[in-house]
Amino acid sequence: MTTVTTTAARSAATTTAPRRGGRAPLPARLGRIAVLTALTLGAVLSLVPFAWMLIASTHSSSELFHSPPPFLPGGNLLRNLAHLQETIGFGRVMLNSLGIAVVYTALSSLLSAMCGYGLAKYRFRGRGLLLGLVLATMMIPLQVLLVPLFQMMASLGWIDSYQAVIVPFLANSFGILLMRQGFLDFPDELLESARIDGSGELRTFYQVVLPCVRPQLGALVIFTFMGQWNGFIWPLLMLNTEDKYTVPVALNTLTGLTHVDYSGLMLGSFLATLPLMVLFLLFQRQFVAGLLGGAVKG
């Protein structure tokens, strides 16, 4: 009786299980097709705003309000680009934003990595309290800090200077916590081995530890660059000279009380997204690996 039951169970399992190298069952294939269709639709919908910005940047502002609106590119791209350069000096403000974002990203990422390494690998009194303070700063909105920070920059004489835009936010609490999570998985035995071999703390950090957290560092670089590149309120308060404007501040000058240059806004917004796309393409593997690595930590 037992032999008959075992044989019947094996036959049923063989019948229901898919064969190796064979086609998947019909419900599984339909489910996969549905998922791929939903992902494709989501990708297409996410590209619609960029397509509209590109189309709108090739028309005049008056043509954008025709009924129906234009759905194909026009012939005013070069004219709009020349007007944008003449009005706000778009090439100059792009270089301003690029310089500020690159310097801020490099300094902030390095500072976040060093702080995260200290909180993860050094044992000292008050470490838990310091970590709690870092977490607490994430709950403070930027609007609360604007007035005291403005007074501080004014007392230092930094108003209308690039250091006023860069320095106050170098200590990034999100970056510190992200890098700390990356350093927690680094084996302490390797640190001890490097110290026994005579490696100093800075050399151990730069040559042994930092290369092992490149995914988290790549994700931090993307987040930090995007945050600084898209920053508007603080640069608007600090920068008074038009030659020092960043891209968001310069584009804001195109919106007047009685006239809005929609074609210029669309063209400037589209061109402003290109550096972010290039950055993501360069660091996409590190970005995805850094997010997944932080998600599976216990």
# chains A, B, ... in the order shown; residues from 1 in each chain; ligands from 1
>>> residues_around(residues="range 153-157 of chain A", least_positions_apart="5", cutoff="9 Å", atoms="only C-alpha atoms", output="VMD selection string")
chain A and resid 148 164 168 238
>>> residues_around(residues="range 82-99 of chain A", least_positions_apart="4", cutoff="6 Å", atoms="only C-alpha atoms", output="list in words")
Tyr245, Thr246, Val247 and Gly264 of chain A
>>> residues_around(residues="Leu111 in chain A", least_positions_apart="4", cutoff="9 Å", atoms="only C-alpha atoms", output="MDAnalysis selection string")
chainID A and resid 106:107 115:116 170:172 175:176
>>> residues_around(residues="range 75-81 of chain A", least_positions_apart="2", cutoff="12 Å", atoms="only C-alpha atoms", output="ChimeraX atom specification")
/A:53-63,70,72-73,83-91,261-271
>>> write_last_selection(atoms="N, CA, C and O atoms", output="tab-separated table (two decimals), in the first residue's frame")
chain	number	residue	atom	x	y	z
A	53	MET	N	8.52	68.37	-22.82
A	53	MET	CA	9.48	69.45	-22.67
A	53	MET	C	10.28	69.66	-23.96
A	53	MET	O	10.53	70.79	-24.38
A	54	LEU	N	10.68	68.54	-24.59
A	54	LEU	CA	11.44	68.64	-25.83
A	54	LEU	C	10.60	69.24	-26.95
A	54	LEU	O	11.07	70.09	-27.71
A	55	ILE	N	9.34	68.82	-27.06
A	55	ILE	CA	8.46	69.35	-28.10
A	55	ILE	C	8.16	70.83	-27.85
A	55	ILE	O	8.20	71.66	-28.76
A	56	ALA	N	7.86	71.18	-26.58
A	56	ALA	CA	7.51	72.57	-26.26
A	56	ALA	C	8.70	73.51	-26.47
A	56	ALA	O	8.50	74.69	-26.79
A	57	SER	N	9.91	73.00	-26.29
A	57	SER	CA	11.09	73.86	-26.46
A	57	SER	C	11.35	74.20	-27.92
A	57	SER	O	12.18	75.08	-28.20
A	58	THR	N	10.68	73.53	-28.84
A	58	THR	CA	10.87	73.82	-30.28
A	58	THR	C	9.77	74.71	-30.84
A	58	THR	O	9.74	74.95	-32.05
A	59	HIS	N	8.86	75.19	-29.99
A	59	HIS	CA	7.78	76.07	-30.42
A	59	HIS	C	7.88	77.39	-29.67
A	59	HIS	O	8.56	77.51	-28.65
A	60	SER	N	7.18	78.36	-30.16
A	60	SER	CA	7.06	79.63	-29.44
A	60	SER	C	6.04	79.49	-28.32
A	60	SER	O	5.22	78.56	-28.31
A	61	SER	N	6.08	80.42	-27.38
A	61	SER	CA	5.16	80.33	-26.23
A	61	SER	C	3.70	80.44	-26.66
A	61	SER	O	2.82	79.79	-26.09
A	62	SER	N	3.42	81.25	-27.67
A	62	SER	CA	2.04	81.39	-28.13
A	62	SER	C	1.52	80.12	-28.78
A	62	SER	O	0.33	79.79	-28.66
A	63	GLU	N	2.39	79.38	-29.47
A	63	GLU	CA	1.97	78.16	-30.14
A	63	GLU	C	1.60	77.06	-29.15
A	63	GLU	O	0.84	76.15	-29.50
A	70	PRO	N	0.47	71.50	-29.89
A	70	PRO	CA	1.33	70.78	-30.84
A	70	PRO	C	1.85	69.48	-30.23
A	70	PRO	O	2.22	69.42	-29.06
A	72	LEU	N	4.04	67.59	-32.32
A	72	LEU	CA	5.24	67.32	-33.11
A	72	LEU	C	6.22	68.46	-32.92
A	72	LEU	O	5.82	69.60	-32.64
A	73	PRO	N	7.53	68.20	-33.07
A	73	PRO	CA	8.53	69.28	-32.91
A	73	PRO	C	8.33	70.38	-33.93
A	73	PRO	O	7.90	70.16	-35.07
A	83	HIS	N	17.60	82.95	-27.53
A	83	HIS	CA	16.90	83.86	-26.62
A	83	HIS	C	17.20	83.50	-25.16
A	83	HIS	O	17.36	84.40	-24.32
A	84	LEU	N	17.28	82.22	-24.87
A	84	LEU	CA	17.60	81.79	-23.50
A	84	LEU	C	19.00	82.22	-23.12
A	84	LEU	O	19.24	82.67	-21.99
A	85	GLN	N	19.95	82.10	-24.03
A	85	GLN	CA	21.32	82.53	-23.75
A	85	GLN	C	21.40	84.04	-23.59
A	85	GLN	O	22.11	84.55	-22.72
A	86	GLU	N	20.64	84.76	-24.39
A	86	GLU	CA	20.67	86.22	-24.31
A	86	GLU	C	19.99	86.73	-23.05
A	86	GLU	O	20.41	87.73	-22.46
A	87	THR	N	18.94	86.04	-22.61
A	87	THR	CA	18.15	86.53	-21.48
A	87	THR	C	18.84	86.25	-20.15
A	87	THR	O	18.98	87.15	-19.30
A	88	ILE	N	19.26	85.02	-19.92
A	88	ILE	CA	19.81	84.65	-18.60
A	88	ILE	C	21.24	84.14	-18.68
A	88	ILE	O	21.80	83.79	-17.64
A	89	GLY	N	21.84	84.13	-19.87
A	89	GLY	CA	23.19	83.58	-19.98
A	89	GLY	C	23.23	82.12	-19.56
A	89	GLY	O	23.93	81.74	-18.61
A	90	PHE	N	22.47	81.29	-20.26
A	90	PHE	CA	22.23	79.92	-19.80
A	90	PHE	C	23.53	79.11	-19.71
A	90	PHE	O	23.68	78.28	-18.81
A	91	GLY	N	24.45	79.32	-20.63
A	91	GLY	CA	25.72	78.60	-20.57
A	91	GLY	C	26.48	78.91	-19.30
A	91	GLY	O	27.08	78.02	-18.67
A	261	ASP	N	7.86	83.08	-20.07
A	261	ASP	CA	8.49	82.49	-21.26
A	261	ASP	C	8.44	80.97	-21.12
A	261	ASP	O	9.39	80.33	-20.66
A	262	TYR	N	7.31	80.38	-21.53
A	262	TYR	CA	7.14	78.94	-21.36
A	262	TYR	C	8.10	78.15	-22.23
A	262	TYR	O	8.61	77.10	-21.80
A	263	SER	N	8.36	78.60	-23.43
A	263	SER	CA	9.29	77.88	-24.30
A	263	SER	C	10.70	77.88	-23.69
A	263	SER	O	11.39	76.86	-23.70
A	264	GLY	N	11.11	79.02	-23.16
A	264	GLY	CA	12.42	79.09	-22.51
A	264	GLY	C	12.48	78.21	-21.27
A	264	GLY	O	13.49	77.56	-21.01
A	265	LEU	N	11.39	78.19	-20.51
A	265	LEU	CA	11.35	77.32	-19.32
A	265	LEU	C	11.45	75.85	-19.70
A	265	LEU	O	12.17	75.08	-19.05
A	266	MET	N	10.73	75.46	-20.74
A	266	MET	CA	10.77	74.07	-21.16
A	266	MET	C	12.15	73.69	-21.68
A	266	MET	O	12.69	72.62	-21.36
A	267	LEU	N	12.75	74.57	-22.47
A	267	LEU	CA	14.07	74.28	-23.02
A	267	LEU	C	15.12	74.25	-21.92
A	267	LEU	O	15.97	73.34	-21.87
A	268	GLY	N	15.07	75.22	-21.01
A	268	GLY	CA	16.03	75.23	-19.91
A	268	GLY	C	15.86	74.04	-18.98
A	268	GLY	O	16.85	73.45	-18.52
A	269	SER	N	14.62	73.66	-18.71
A	269	SER	CA	14.38	72.50	-17.85
A	269	SER	C	14.87	71.21	-18.49
A	269	SER	O	15.44	70.34	-17.83
A	270	PHE	N	14.66	71.08	-19.80
A	270	PHE	CA	15.13	69.88	-20.49
A	270	PHE	C	16.65	69.81	-20.49
A	270	PHE	O	17.23	68.76	-20.21
A	271	LEU	N	17.31	70.92	-20.79
A	271	LEU	CA	18.77	70.92	-20.78
A	271	LEU	C	19.32	70.70	-19.38
A	271	LEU	O	20.40	70.11	-19.21
>>> select_by_dssp(residues="range 149-279 of chain A", states="helix (DSSP H, G or I)", output="ChimeraX atom specification")
/A:149-156,162-169,173-184,188-196,201-229,233-238,242-244,247-252,262-279
